[in-house]
Every structure is written in C-alpha cells, then in structure tokens.
$ cat run11.csv   # CSV, C-alpha atoms
chain,number,residue,atom,x,y,z
A,1,MET,CA,10.7,-12.6,4.1
A,2,LEU,CA,9.3,-9.1,4.2
A,3,MET,CA,5.7,-8.5,5.3
A,4,LYS,CA,3.5,-8.2,2.2
A,5,ASN,CA,0.0,-7.1,1.3
A,6,ASP,CA,-0.2,-9.1,-1.9
A,7,PHE,CA,-0.1,-12.8,-2.7
A,8,TYR,CA,-0.6,-15.3,-5.5
A,9,LEU,CA,-3.2,-18.0,-5.3
A,10,SER,CA,-2.4,-21.6,-6.5
A,11,ASP,CA,-5.0,-22.0,-9.1
A,12,ARG,CA,-8.5,-20.9,-10.3
A,13,GLU,CA,-10.2,-23.4,-8.0
A,14,SER,CA,-8.6,-21.6,-5.0
A,15,ALA,CA,-9.9,-18.3,-6.2
A,16,VAL,CA,-13.4,-19.6,-6.7
A,17,ASP,CA,-13.3,-21.2,-3.2
A,18,LEU,CA,-12.1,-18.0,-1.5
A,19,GLN,CA,-14.8,-16.0,-3.4
A,20,ALA,CA,-17.5,-18.3,-2.2
A,21,TYR,CA,-16.3,-18.2,1.4
A,22,LEU,CA,-16.1,-14.4,1.5
A,23,THR,CA,-19.4,-14.0,-0.3
A,24,ARG,CA,-21.1,-15.9,2.5
A,25,ALA,CA,-19.2,-13.8,5.1
A,26,ARG,CA,-20.3,-10.6,3.5
A,27,ARG,CA,-23.9,-11.9,3.6
A,28,LEU,CA,-23.6,-12.3,7.3
A,29,ASP,CA,-21.9,-8.9,7.7
A,30,PRO,CA,-22.3,-6.6,4.7
A,31,GLU,CA,-19.7,-4.1,6.1
A,32,GLY,CA,-17.4,-6.8,7.3
A,33,TYR,CA,-13.6,-7.2,7.2
A,34,VAL,CA,-11.3,-10.1,6.6
A,35,ARG,CA,-7.9,-10.8,8.2
A,36,LEU,CA,-5.4,-12.6,6.0
A,37,ARG,CA,-2.4,-14.1,7.8
A,38,ALA,CA,0.4,-16.2,6.3
A,39,PHE,CA,3.8,-17.3,7.7
A,40,GLY,CA,4.9,-19.7,5.1
A,41,THR,CA,2.7,-21.4,2.5
A,42,VAL,CA,-0.6,-21.5,4.4
A,43,LEU,CA,-2.9,-18.6,4.2
A,44,ALA,CA,-5.4,-18.3,7.2
A,45,ILE,CA,-8.5,-16.3,6.3
A,46,TYR,CA,-10.4,-15.0,9.4
A,47,VAL,CA,-13.8,-13.3,9.3
A,48,ALA,CA,-15.9,-12.1,12.3
A,49,PRO,CA,-19.7,-12.5,11.6
A,50,ILE,CA,-20.4,-11.9,15.3
A,51,PHE,CA,-18.4,-9.4,17.3
A,52,ALA,CA,-19.5,-7.2,20.2
A,53,GLY,CA,-17.7,-4.1,19.0
A,54,SER,CA,-14.9,-3.6,21.5
A,55,LEU,CA,-12.3,-5.5,23.4
A,56,MET,CA,-14.0,-4.7,26.7
A,57,ASP,CA,-17.6,-5.6,25.7
A,58,SER,CA,-19.1,-8.7,27.3
A,59,GLY,CA,-20.9,-9.8,24.1
A,60,PRO,CA,-19.9,-12.9,22.1
A,61,THR,CA,-17.0,-13.1,19.7
A,62,VAL,CA,-17.3,-15.6,17.0
A,63,LEU,CA,-14.7,-16.0,14.1
A,64,GLY,CA,-14.8,-18.0,11.0
A,65,LEU,CA,-11.5,-19.5,9.6
A,66,ARG,CA,-10.6,-21.2,6.4
A,67,THR,CA,-7.1,-21.9,5.1
A,68,CYS,CA,-5.6,-22.4,1.6
A,69,GLU,CA,-2.2,-23.4,0.3
A,70,LEU,CA,-0.1,-20.8,-1.4
A,71,PRO,CA,2.3,-21.5,-4.2
A,72,GLU,CA,5.2,-19.7,-2.4
A,73,PRO,CA,6.0,-18.9,1.2
A,74,ILE,CA,5.2,-15.3,2.3
A,75,GLU,CA,4.7,-13.3,5.5
A,76,MET,CA,1.5,-11.4,5.6
A,77,ASP,CA,-0.9,-10.1,8.3
A,78,VAL,CA,-3.4,-7.6,6.8
A,79,THR,CA,-7.0,-6.7,7.6
A,80,VAL,CA,-9.1,-5.2,4.8
A,81,ALA,CA,-12.7,-4.9,3.8
A,82,ILE,CA,-14.3,-8.1,2.5
A,83,SER,CA,-15.7,-6.2,-0.4
A,84,ALA,CA,-12.2,-5.1,-1.5
A,85,VAL,CA,-11.0,-8.7,-1.8
A,86,LEU,CA,-14.2,-9.8,-3.6
A,87,ASP,CA,-13.8,-7.0,-6.1
A,88,ARG,CA,-10.3,-8.2,-6.9
A,89,LEU,CA,-11.4,-11.8,-7.1
A,90,ALA,CA,-14.2,-10.9,-9.4
A,91,ARG,CA,-11.9,-9.2,-11.8
A,92,MET,CA,-9.4,-12.1,-11.7
A,93,LEU,CA,-12.1,-14.7,-12.4
A,94,ALA,CA,-13.6,-12.6,-15.2
A,95,GLY,CA,-10.3,-12.6,-17.0
A,96,ASN,CA,-8.3,-15.3,-18.9
A,97,ILE,CA,-6.2,-17.1,-16.3
A,98,LYS,CA,-3.3,-18.5,-18.2
A,99,ASN,CA,-0.5,-18.7,-15.7
A,100,GLN,CA,0.6,-17.8,-12.1
A,101,LYS,CA,0.8,-14.0,-12.7
A,102,ASP,CA,-2.9,-14.0,-13.5
A,103,LEU,CA,-3.6,-15.3,-10.0
A,104,HIS,CA,-2.1,-12.2,-8.3
A,105,VAL,CA,-4.1,-10.5,-5.5
A,106,GLU,CA,-2.9,-7.0,-4.5
A,107,LEU,CA,-4.7,-5.7,-1.4
A,108,PRO,CA,-5.4,-2.2,-0.2
A,109,PRO,CA,-3.6,-0.9,2.9
A,110,THR,CA,-4.5,-2.7,6.1
A,111,VAL,CA,-7.0,-1.1,8.4
A,112,ARG,CA,-7.5,-1.5,12.2
A,113,VAL,CA,-10.6,-3.2,13.4
A,114,PRO,CA,-11.1,-4.2,17.1
A,115,TRP,CA,-11.7,-8.0,16.5
A,116,ALA,CA,-8.4,-8.4,14.6
A,117,GLY,CA,-6.6,-7.8,17.9
A,118,ILE,CA,-8.3,-10.8,19.5
A,119,ALA,CA,-6.1,-13.8,18.8
A,120,PRO,CA,-7.5,-17.3,19.4
A,121,PRO,CA,-4.9,-19.8,20.7
A,122,ARG,CA,-2.7,-21.3,17.9
A,123,SER,CA,-1.9,-24.4,20.0
A,124,GLY,CA,-3.1,-26.3,23.0
A,125,TRP,CA,-6.4,-27.4,21.6
A,126,VAL,CA,-7.9,-30.5,23.1
A,127,GLN,CA,-11.1,-32.2,21.9
A,128,ALA,CA,-13.9,-32.0,24.4
A,129,GLU,CA,-14.5,-35.1,26.4
A,130,GLY,CA,-17.3,-37.7,25.9
A,131,ASP,CA,-20.4,-36.7,24.1
A,132,ARG,CA,-19.4,-33.0,24.1
A,133,GLY,CA,-16.6,-33.8,21.7
A,134,LEU,CA,-18.8,-34.2,18.6
A,135,ILE,CA,-22.0,-32.4,17.5
A,136,ALA,CA,-24.2,-33.6,14.6
A,137,GLU,CA,-24.5,-31.3,11.7
A,138,SER,CA,-28.3,-31.6,12.0
A,139,THR,CA,-28.1,-30.3,15.6
A,140,LEU,CA,-26.0,-27.3,14.7
A,141,THR,CA,-28.3,-26.5,11.7
A,142,GLN,CA,-31.4,-26.6,13.9
A,143,LEU,CA,-29.7,-24.5,16.6
A,144,ALA,CA,-28.8,-21.8,14.0
A,145,LYS,CA,-32.5,-21.8,12.8
A,146,ASP,CA,-33.8,-21.6,16.4
A,147,GLY,CA,-31.4,-18.7,17.2
A,148,ILE,CA,-32.4,-16.8,14.0
A,149,ASN,CA,-36.1,-17.2,14.9
A,150,GLU,CA,-35.5,-16.1,18.5
A,151,VAL,CA,-33.7,-13.0,17.4
A,152,ALA,CA,-36.5,-12.2,15.0
A,153,GLU,CA,-39.2,-12.7,17.6
A,154,ASN,CA,-37.5,-10.4,20.1
A,155,LEU,CA,-36.3,-7.7,17.8
A,156,PRO,CA,-39.0,-5.1,17.1
A,157,ALA,CA,-38.7,-3.4,13.7
A,158,SER,CA,-38.1,0.0,15.3
A,159,VAL,CA,-35.6,-1.0,18.0
A,160,GLY,CA,-32.5,1.0,18.3
A,161,GLY,CA,-28.9,-0.2,17.7
A,162,PRO,CA,-27.8,-0.7,21.3
A,163,ILE,CA,-31.0,-2.7,22.2
A,164,ALA,CA,-30.7,-4.8,19.0
A,165,ALA,CA,-27.0,-5.5,19.9
A,166,ARG,CA,-28.0,-6.6,23.4
A,167,ILE,CA,-30.7,-8.9,22.1
A,168,ARG,CA,-28.4,-10.5,19.6
A,169,GLY,CA,-25.7,-10.8,22.2
A,170,GLU,CA,-28.0,-12.6,24.6
A,171,VAL,CA,-29.1,-15.1,22.0
A,172,TRP,CA,-25.8,-15.8,20.3
A,173,GLY,CA,-23.7,-15.7,23.5
A,174,ARG,CA,-25.9,-18.3,25.3
A,175,ALA,CA,-24.5,-21.9,25.5
A,176,ILE,CA,-26.1,-24.4,23.2
A,177,GLY,CA,-26.6,-26.8,26.2
A,178,PHE,CA,-26.2,-26.7,30.0
A,179,ASP,CA,-22.9,-28.7,29.8
A,180,SER,CA,-21.5,-27.2,26.7
A,181,PRO,CA,-19.0,-24.2,26.3
A,182,VAL,CA,-20.1,-23.6,22.7
A,183,PRO,CA,-22.2,-20.5,22.2
A,184,MET,CA,-25.3,-20.4,20.0
A,185,GLY,CA,-23.5,-18.0,17.7
A,186,ALA,CA,-21.0,-20.6,16.7
A,187,ALA,CA,-23.8,-22.7,15.2
A,188,PHE,CA,-25.1,-19.7,13.4
A,189,VAL,CA,-21.7,-18.9,11.9
A,190,ALA,CA,-20.9,-22.5,11.0
A,191,ALA,CA,-24.2,-22.7,9.1
A,192,GLY,CA,-23.9,-19.2,7.5
A,193,LEU,CA,-20.4,-19.7,6.3
A,194,GLY,CA,-21.3,-23.0,4.6
A,195,PHE,CA,-19.1,-25.1,7.0
A,196,LEU,CA,-21.8,-27.7,7.6
A,197,THR,CA,-22.1,-30.8,5.4
A,198,GLU,CA,-25.2,-33.0,5.8
A,199,GLY,CA,-24.6,-36.0,8.0
A,200,GLU,CA,-21.2,-34.9,9.2
A,201,ALA,CA,-20.2,-34.9,12.9
A,202,VAL,CA,-18.5,-31.7,13.8
A,203,ALA,CA,-15.6,-31.9,16.3
A,204,VAL,CA,-15.5,-29.6,19.4
A,205,TYR,CA,-12.1,-28.5,20.7
A,206,LEU,CA,-11.3,-26.3,23.7
A,207,ALA,CA,-8.3,-24.1,24.6
A,208,ASP,CA,-7.8,-21.3,27.1
A,209,GLY,CA,-11.3,-19.8,27.2
A,210,TRP,CA,-12.1,-20.6,23.6
A,211,ALA,CA,-14.2,-23.3,21.8
A,212,ARG,CA,-13.7,-24.4,18.3
A,213,LEU,CA,-16.0,-26.2,15.9
A,214,SER,CA,-14.0,-28.0,13.2
A,215,SER,CA,-15.6,-29.5,10.1
A,216,SER,CA,-14.2,-30.6,6.8
A,217,ASN,CA,-15.1,-27.2,5.3
A,218,GLY,CA,-13.7,-24.8,8.0
A,219,HIS,CA,-13.4,-23.8,11.6
A,220,VAL,CA,-15.5,-21.6,13.9
A,221,LEU,CA,-13.6,-20.1,16.9
A,222,ALA,CA,-15.6,-18.6,19.7
A,223,LYS,CA,-15.1,-17.3,23.2
A,224,VAL,CA,-16.7,-19.9,25.5
A,225,ALA,CA,-20.3,-19.3,26.5
A,226,ARG,CA,-20.7,-17.3,29.7
A,227,ASN,CA,-23.4,-19.5,31.2
A,228,HIS,CA,-22.2,-23.0,30.4
$ encode --input "run11.csv" --output "structure tokens"
Amino acid sequence: MLMKNDFYLSDRESAVDLQAYLTRARRLDPEGYVRLRAFGTVLAIYVAPIFAGSLMDSGPTVLGLRTCELPEPIEMDVTVAISAVLDRLARMLAGNIKNQKDLHVELPPTVRVPWAGIAPPRSGWVQAEGDRGLIAESTLTQLAKDGINEVAENLPASVGGPIAARIRGEVWGRAIGFDSPVPMGAAFVAAGLGFLTEGEAVAVYLADGWARLSSSNGHVLAKVARNH
C-alpha cells in the first residue's frame, strides 16, 4: 500500500462523529492541527490541545486520541490544520450521501508541527496499581474546572505570551495528586474533547514516561507530571 493523503469514511455517522471531535479540538486550540495515522483499517486521530511549543521545552504535552474504522486498509500519516478537515467534512455532510464515493476525504499536503514528532508508546501500557488505576469522571471534571479557574485567576489580561505560557504550563503540568503521574492538563483535555461520561470511571495506564486516560469516548495521552 502506498502512503496516502486521502481516505473514505465508513458511513455518515463516522463523519458526524469526526466532525464533533475536531470541532471540540478546535475550540481548545483555534489554530490547531490534527495528525491522521492509519496502517490498515483503523484511523488514529491525534490532536494536541496542550503543547509547550518545542521538543526541548519542559512544559506539558497532552494529546487527544480517537479512532475510527475505515472501509478499506490504507497507509497514511499526515498532519494538517483542523480547520481544513472540518471544511471538507462540512461540505460532505451538506451534500447527499448516497454511496461510498460521497464519503471521500481528500486532504491538503501534510505540514510539519513539533508535537507530531512526539510519539507516545504504542505498546507496553499497564494499568496503574490500586486506587490510582481508576479516576471518577466527576473528579476529572472538577479538576478541569479548578485548573481553568486557577489559570484565569493568575493570568492578567495584559500579560505577554511567554508569561501566559509559563502560567498555563505550571497549572496544566502539575500532578493531579501527590501520588499520581497524571498532569492536570489531562483532565482539562478529557473534559474539553468530550471524553467524559457522567458516572464513568476512567482507567489510568502508564508506559515509558507517559500516562493515559482511557474512557469509552477516547484517550488522553500525556507526559507524566514532573512533580508526582
């Protein structure tokens, strides 16, 4: 299979689901990008609502991940503006979808963004032990709200970009608890991307310096908190 920059979705529901996910991602990062990777019939869709800005920066890195089934196997690894994919999905859904060819998504050329070069582990994930292995949805939702309030309280309206980035980095990079490797930013991204369902317990997995929150709606992958 040749590497592609276009694909077919399985059905209208898949297009609506992808549109909703990327709309939430763009709300968190209006100028954001999405990485689409497929090696077979599973499309992995990564976004980076929180990223420090360079591979050498010490700030937090928090990625969102959803997957969808494709109707045919392909090989693809492209990174494009979220807005570009949303424009194409909007045109698709506004049309009359009668068959598979109407579910075709052709992407612009791939672009280089720093976070796309950061690859979370694809294997070796182990659920955290004991009480650390599950977090209640209500706890993550409250942590996200607390973090948003803390950022707002410490971020003067006239503050410059570097100072604002440092404040957000300090809040979102801090561990959610003294014995947890999960950064506050993971709770914020899980809530912002619509991954939290009321009453659900979200599983926590660890692998090689990364923590992962996995719910029924998606995954959040984050570099482990620096101060856990």
$ atom_distance --input "run11.csv" --atom1 "atom CA of Gln100 of chain A" --atom2 "atom CA of Thr67 of chain A"
19.3 Å
$ closest_residue --input "run11.csv" --among "A:Val34, A:Leu206, A:Ala201, A:Ala52" --to "Glu137 of chain A" --atoms "all atoms listed in the file"
A:Ala201
$ atom_distance --input "run11.csv" --atom1 "atom CA of Ala25 of chain A" --atom2 "atom CA of Pro49 of chain A"
6.6 Å
$ atom_distance --input "run11.csv" --atom1 "atom CA of Ala20 of chain A" --atom2 "atom CA of Ala225 of chain A"
28.9 Å
$ closest_residue --input "run11.csv" --among "A:Arg37, A:Arg112, A:Arg24, A:Arg122" --to "Val189 of chain A" --atoms "only C-alpha atoms"
A:Arg24
$ closest_residue --input "run11.csv" --among "A:Met92, A:Val62, A:Ile50, A:Val42" --to "Met76 of chain A" --atoms "all atoms listed in the file"
A:Val42
$ closest_residue --input "run11.csv" --among "A:Val171, A:Ala119, A:Val105, A:Ala128" --to "Met184 of chain A" --atoms "only C-alpha atoms"
A:Val171
$ closest_residue --input "run11.csv" --among "A:Thr79, A:Ala190, A:Glu31, A:Glu13" --to "Ile45 of chain A" --atoms "only C-alpha atoms"
A:Thr79
$ residues_near_point --input "run11.csv" --point "(-3.7, -15.0, 2.2)" --cutoff "10 Å" --atoms "all atoms listed in the file" --output "compact mmCIF listing (two decimals) with C-alpha atoms, in the coordinates of the input"
# COMPACT_ATOMS: atom_id res chain seq x y z
CA LYS A 4 3.50 -8.20 2.20
CA ASN A 5 0.00 -7.10 1.30
CA ASP A 6 -0.20 -9.10 -1.90
CA PHE A 7 -0.10 -12.80 -2.70
CA TYR A 8 -0.60 -15.30 -5.50
CA LEU A 9 -3.20 -18.00 -5.30
CA LEU A 18 -12.10 -18.00 -1.50
CA ARG A 35 -7.90 -10.80 8.20
CA LEU A 36 -5.40 -12.60 6.00
CA ARG A 37 -2.40 -14.10 7.80
CA ALA A 38 0.40 -16.20 6.30
CA PHE A 39 3.80 -17.30 7.70
CA THR A 41 2.70 -21.40 2.50
CA VAL A 42 -0.60 -21.50 4.40
CA LEU A 43 -2.90 -18.60 4.20
CA ALA A 44 -5.40 -18.30 7.20
CA ILE A 45 -8.50 -16.30 6.30
CA TYR A 46 -10.40 -15.00 9.40
CA THR A 67 -7.10 -21.90 5.10
CA CYS A 68 -5.60 -22.40 1.60
CA GLU A 69 -2.20 -23.40 0.30
CA LEU A 70 -0.10 -20.80 -1.40
CA ILE A 74 5.20 -15.30 2.30
CA GLU A 75 4.70 -13.30 5.50
CA MET A 76 1.50 -11.40 5.60
CA ASP A 77 -0.90 -10.10 8.30
CA VAL A 78 -3.40 -7.60 6.80
CA VAL A 105 -4.10 -10.50 -5.50
$ closest_residue --input "run11.csv" --among "A:Gly40, A:Pro120, A:Gly130, A:Gly59" --to "Arg166 of chain A" --atoms "all atoms listed in the file"
A:Gly59
$ residues_near_point --input "run11.csv" --point "(-10.1, -2.9, 14.6)" --cutoff "12 Å" --atoms "only C-alpha atoms" --output "PyMOL selection string"
chain A and resi 32-35+48+51-55+78-81+110-118
$ residues_around --input "run11.csv" --residues "Asp208 of chain A" --least-positions-apart "3" --cutoff "9 Å" --atoms "all atoms listed in the file" --output "ChimeraX atom specification"
/A:120-121,124-125,211
$ decode --input "run11.csv" --residues "segment 26-73 of chain A" --atoms "N, CA and C atoms" --output "PDB file, in the first residue's frame"
ATOM      1  N   ARG A  26     -10.800  22.118  17.993  1.00  0.00           N
ATOM      2  CA  ARG A  26     -10.548  23.479  17.503  1.00  0.00           C
ATOM      3  C   ARG A  26     -10.978  24.515  18.531  1.00  0.00           C
ATOM      4  N   ARG A  27     -11.988  24.206  19.320  1.00  0.00           N
ATOM      5  CA  ARG A  27     -12.408  25.124  20.381  1.00  0.00           C
ATOM      6  C   ARG A  27     -11.301  25.281  21.413  1.00  0.00           C
ATOM      7  N   LEU A  28     -10.578  24.195  21.689  1.00  0.00           N
ATOM      8  CA  LEU A  28      -9.466  24.261  22.640  1.00  0.00           C
ATOM      9  C   LEU A  28      -8.238  24.926  22.031  1.00  0.00           C
ATOM     10  N   ASP A  29      -8.060  24.779  20.727  1.00  0.00           N
ATOM     11  CA  ASP A  29      -6.901  25.347  20.037  1.00  0.00           C
ATOM     12  C   ASP A  29      -7.344  25.794  18.643  1.00  0.00           C
ATOM     13  N   PRO A  30      -7.803  27.053  18.511  1.00  0.00           N
ATOM     14  CA  PRO A  30      -8.375  27.518  17.241  1.00  0.00           C
ATOM     15  C   PRO A  30      -7.439  27.396  16.041  1.00  0.00           C
ATOM     16  N   GLU A  31      -6.129  27.423  16.279  1.00  0.00           N
ATOM     17  CA  GLU A  31      -5.171  27.308  15.182  1.00  0.00           C
ATOM     18  C   GLU A  31      -4.527  25.920  15.154  1.00  0.00           C
ATOM     19  N   GLY A  32      -5.199  24.950  15.716  1.00  0.00           N
ATOM     20  CA  GLY A  32      -4.608  23.639  15.927  1.00  0.00           C
ATOM     21  C   GLY A  32      -4.524  22.764  14.690  1.00  0.00           C
ATOM     22  N   TYR A  33      -3.790  21.665  14.863  1.00  0.00           N
ATOM     23  CA  TYR A  33      -3.571  20.686  13.798  1.00  0.00           C
ATOM     24  C   TYR A  33      -4.029  19.315  14.261  1.00  0.00           C
ATOM     25  N   VAL A  34      -4.245  18.446  13.300  1.00  0.00           N
ATOM     26  CA  VAL A  34      -4.636  17.072  13.583  1.00  0.00           C
ATOM     27  C   VAL A  34      -3.706  16.139  12.818  1.00  0.00           C
ATOM     28  N   ARG A  35      -3.276  15.079  13.488  1.00  0.00           N
ATOM     29  CA  ARG A  35      -2.459  14.058  12.842  1.00  0.00           C
ATOM     30  C   ARG A  35      -3.332  12.832  12.605  1.00  0.00           C
ATOM     31  N   LEU A  36      -3.385  12.371  11.369  1.00  0.00           N
ATOM     32  CA  LEU A  36      -4.185  11.211  10.998  1.00  0.00           C
ATOM     33  C   LEU A  36      -3.247  10.091  10.571  1.00  0.00           C
ATOM     34  N   ARG A  37      -3.316   8.977  11.306  1.00  0.00           N
ATOM     35  CA  ARG A  37      -2.430   7.844  11.028  1.00  0.00           C
ATOM     36  C   ARG A  37      -3.262   6.588  10.821  1.00  0.00           C
ATOM     37  N   ALA A  38      -2.939   5.862   9.776  1.00  0.00           N
ATOM     38  CA  ALA A  38      -3.613   4.594   9.518  1.00  0.00           C
ATOM     39  C   ALA A  38      -2.622   3.613   8.919  1.00  0.00           C
ATOM     40  N   PHE A  39      -2.621   2.412   9.461  1.00  0.00           N
ATOM     41  CA  PHE A  39      -1.839   1.299   8.905  1.00  0.00           C
ATOM     42  C   PHE A  39      -2.754   0.081   8.915  1.00  0.00           C
ATOM     43  N   GLY A  40      -3.698   0.079   7.993  1.00  0.00           N
ATOM     44  CA  GLY A  40      -4.744  -0.938   7.985  1.00  0.00           C
ATOM     45  C   GLY A  40      -6.098  -0.262   7.954  1.00  0.00           C
ATOM     46  N   THR A  41      -7.037  -0.803   8.696  1.00  0.00           N
ATOM     47  CA  THR A  41      -8.401  -0.280   8.645  1.00  0.00           C
ATOM     48  C   THR A  41      -8.764   0.577   9.856  1.00  0.00           C
ATOM     49  N   VAL A  42      -7.796   0.886  10.715  1.00  0.00           N
ATOM     50  CA  VAL A  42      -8.069   1.741  11.875  1.00  0.00           C
ATOM     51  C   VAL A  42      -7.381   3.086  11.673  1.00  0.00           C
ATOM     52  N   LEU A  43      -8.164   4.147  11.715  1.00  0.00           N
ATOM     53  CA  LEU A  43      -7.636   5.506  11.607  1.00  0.00           C
ATOM     54  C   LEU A  43      -7.489   6.086  13.009  1.00  0.00           C
ATOM     55  N   ALA A  44      -6.260   6.470  13.374  1.00  0.00           N
ATOM     56  CA  ALA A  44      -5.986   7.124  14.653  1.00  0.00           C
ATOM     57  C   ALA A  44      -5.926   8.624  14.420  1.00  0.00           C
ATOM     58  N   ILE A  45      -6.669   9.371  15.218  1.00  0.00           N
ATOM     59  CA  ILE A  45      -6.820  10.814  15.017  1.00  0.00           C
ATOM     60  C   ILE A  45      -6.302  11.525  16.262  1.00  0.00           C
ATOM     61  N   TYR A  46      -5.109  12.126  16.140  1.00  0.00           N
ATOM     62  CA  TYR A  46      -4.453  12.796  17.260  1.00  0.00           C
ATOM     63  C   TYR A  46      -4.621  14.315  17.167  1.00  0.00           C
ATOM     64  N   VAL A  47      -4.870  14.947  18.299  1.00  0.00           N
ATOM     65  CA  VAL A  47      -4.837  16.404  18.402  1.00  0.00           C
ATOM     66  C   VAL A  47      -3.990  16.760  19.615  1.00  0.00           C
ATOM     67  N   ALA A  48      -3.540  18.016  19.686  1.00  0.00           N
ATOM     68  CA  ALA A  48      -2.659  18.436  20.782  1.00  0.00           C
ATOM     69  C   ALA A  48      -3.165  19.735  21.407  1.00  0.00           C
ATOM     70  N   PRO A  49      -4.204  19.659  22.231  1.00  0.00           N
ATOM     71  CA  PRO A  49      -4.726  20.877  22.860  1.00  0.00           C
ATOM     72  C   PRO A  49      -3.727  21.581  23.772  1.00  0.00           C
ATOM     73  N   ILE A  50      -2.781  20.827  24.349  1.00  0.00           N
ATOM     74  CA  ILE A  50      -1.759  21.426  25.206  1.00  0.00           C
ATOM     75  C   ILE A  50      -0.406  20.945  24.721  1.00  0.00           C
ATOM     76  N   PHE A  51       0.407  21.906  24.272  1.00  0.00           N
ATOM     77  CA  PHE A  51       1.754  21.556  23.830  1.00  0.00           C
ATOM     78  C   PHE A  51       2.658  22.738  24.089  1.00  0.00           C
ATOM     79  N   ALA A  52       3.827  22.468  24.638  1.00  0.00           N
ATOM     80  CA  ALA A  52       4.712  23.546  25.086  1.00  0.00           C
ATOM     81  C   ALA A  52       5.292  24.358  23.934  1.00  0.00           C
ATOM     82  N   GLY A  53       5.409  23.791  22.751  1.00  0.00           N
ATOM     83  CA  GLY A  53       5.876  24.563  21.610  1.00  0.00           C
ATOM     84  C   GLY A  53       7.169  24.100  20.996  1.00  0.00           C
ATOM     85  N   SER A  54       7.921  23.255  21.678  1.00  0.00           N
ATOM     86  CA  SER A  54       9.144  22.717  21.093  1.00  0.00           C
ATOM     87  C   SER A  54       9.493  21.413  21.776  1.00  0.00           C
ATOM     88  N   LEU A  55      10.277  20.597  21.091  1.00  0.00           N
ATOM     89  CA  LEU A  55      10.636  19.291  21.637  1.00  0.00           C
ATOM     90  C   LEU A  55      11.491  19.414  22.892  1.00  0.00           C
ATOM     91  N   MET A  56      12.185  20.550  23.056  1.00  0.00           N
ATOM     92  CA  MET A  56      13.075  20.716  24.190  1.00  0.00           C
ATOM     93  C   MET A  56      12.417  21.449  25.351  1.00  0.00           C
ATOM     94  N   ASP A  57      11.220  21.950  25.174  1.00  0.00           N
ATOM     95  CA  ASP A  57      10.564  22.710  26.224  1.00  0.00           C
ATOM     96  C   ASP A  57      10.139  21.789  27.357  1.00  0.00           C
ATOM     97  N   SER A  58      10.176  22.307  28.572  1.00  0.00           N
ATOM     98  CA  SER A  58       9.845  21.484  29.734  1.00  0.00           C
ATOM     99  C   SER A  58       8.363  21.504  30.070  1.00  0.00           C
ATOM    100  N   GLY A  59       7.550  22.234  29.323  1.00  0.00           N
ATOM    101  CA  GLY A  59       6.127  22.310  29.598  1.00  0.00           C
ATOM    102  C   GLY A  59       5.417  21.012  29.289  1.00  0.00           C
ATOM    103  N   PRO A  60       4.118  20.938  29.642  1.00  0.00           N
ATOM    104  CA  PRO A  60       3.363  19.696  29.454  1.00  0.00           C
ATOM    105  C   PRO A  60       3.026  19.431  27.985  1.00  0.00           C
ATOM    106  N   THR A  61       2.926  18.168  27.653  1.00  0.00           N
ATOM    107  CA  THR A  61       2.438  17.731  26.350  1.00  0.00           C
ATOM    108  C   THR A  61       1.246  16.820  26.600  1.00  0.00           C
ATOM    109  N   VAL A  62       0.094  17.192  26.063  1.00  0.00           N
ATOM    110  CA  VAL A  62      -1.127  16.419  26.266  1.00  0.00           C
ATOM    111  C   VAL A  62      -1.826  16.251  24.921  1.00  0.00           C
ATOM    112  N   LEU A  63      -2.006  15.003  24.510  1.00  0.00           N
ATOM    113  CA  LEU A  63      -2.621  14.687  23.225  1.00  0.00           C
ATOM    114  C   LEU A  63      -3.979  14.028  23.437  1.00  0.00           C
ATOM    115  N   GLY A  64      -4.893  14.301  22.520  1.00  0.00           N
ATOM    116  CA  GLY A  64      -6.162  13.582  22.475  1.00  0.00           C
ATOM    117  C   GLY A  64      -6.128  12.578  21.344  1.00  0.00           C
ATOM    118  N   LEU A  65      -6.798  11.444  21.528  1.00  0.00           N
ATOM    119  CA  LEU A  65      -6.806  10.388  20.512  1.00  0.00           C
ATOM    120  C   LEU A  65      -8.177   9.741  20.431  1.00  0.00           C
ATOM    121  N   ARG A  66      -8.702   9.713  19.226  1.00  0.00           N
ATOM    122  CA  ARG A  66      -9.872   8.889  18.920  1.00  0.00           C
ATOM    123  C   ARG A  66      -9.538   8.048  17.707  1.00  0.00           C
ATOM    124  N   THR A  67     -10.241   6.955  17.562  1.00  0.00           N
ATOM    125  CA  THR A  67     -10.044   6.093  16.406  1.00  0.00           C
ATOM    126  C   THR A  67     -11.377   5.828  15.714  1.00  0.00           C
ATOM    127  N   CYS A  68     -11.288   5.473  14.436  1.00  0.00           N
ATOM    128  CA  CYS A  68     -12.489   5.035  13.729  1.00  0.00           C
ATOM    129  C   CYS A  68     -12.114   3.954  12.725  1.00  0.00           C
ATOM    130  N   GLU A  69     -13.065   3.119  12.410  1.00  0.00           N
ATOM    131  CA  GLU A  69     -12.859   2.036  11.450  1.00  0.00           C
ATOM    132  C   GLU A  69     -13.036   2.566  10.028  1.00  0.00           C
ATOM    133  N   LEU A  70     -12.092   2.197   9.162  1.00  0.00           N
ATOM    134  CA  LEU A  70     -12.171   2.572   7.758  1.00  0.00           C
ATOM    135  C   LEU A  70     -12.726   1.412   6.937  1.00  0.00           C
ATOM    136  N   PRO A  71     -13.353   1.696   5.806  1.00  0.00           N
ATOM    137  CA  PRO A  71     -13.929   0.617   4.999  1.00  0.00           C
ATOM    138  C   PRO A  71     -12.905  -0.195   4.233  1.00  0.00           C
ATOM    139  N   GLU A  72     -11.672   0.346   4.097  1.00  0.00           N
ATOM    140  CA  GLU A  72     -10.621  -0.376   3.377  1.00  0.00           C
ATOM    141  C   GLU A  72      -9.273  -0.056   4.004  1.00  0.00           C
ATOM    142  N   PRO A  73      -8.315  -0.998   3.957  1.00  0.00           N
ATOM    143  CA  PRO A  73      -6.998  -0.739   4.560  1.00  0.00           C
ATOM    144  C   PRO A  73      -6.194   0.280   3.762  1.00  0.00           C
TER     145      PRO A  73
END
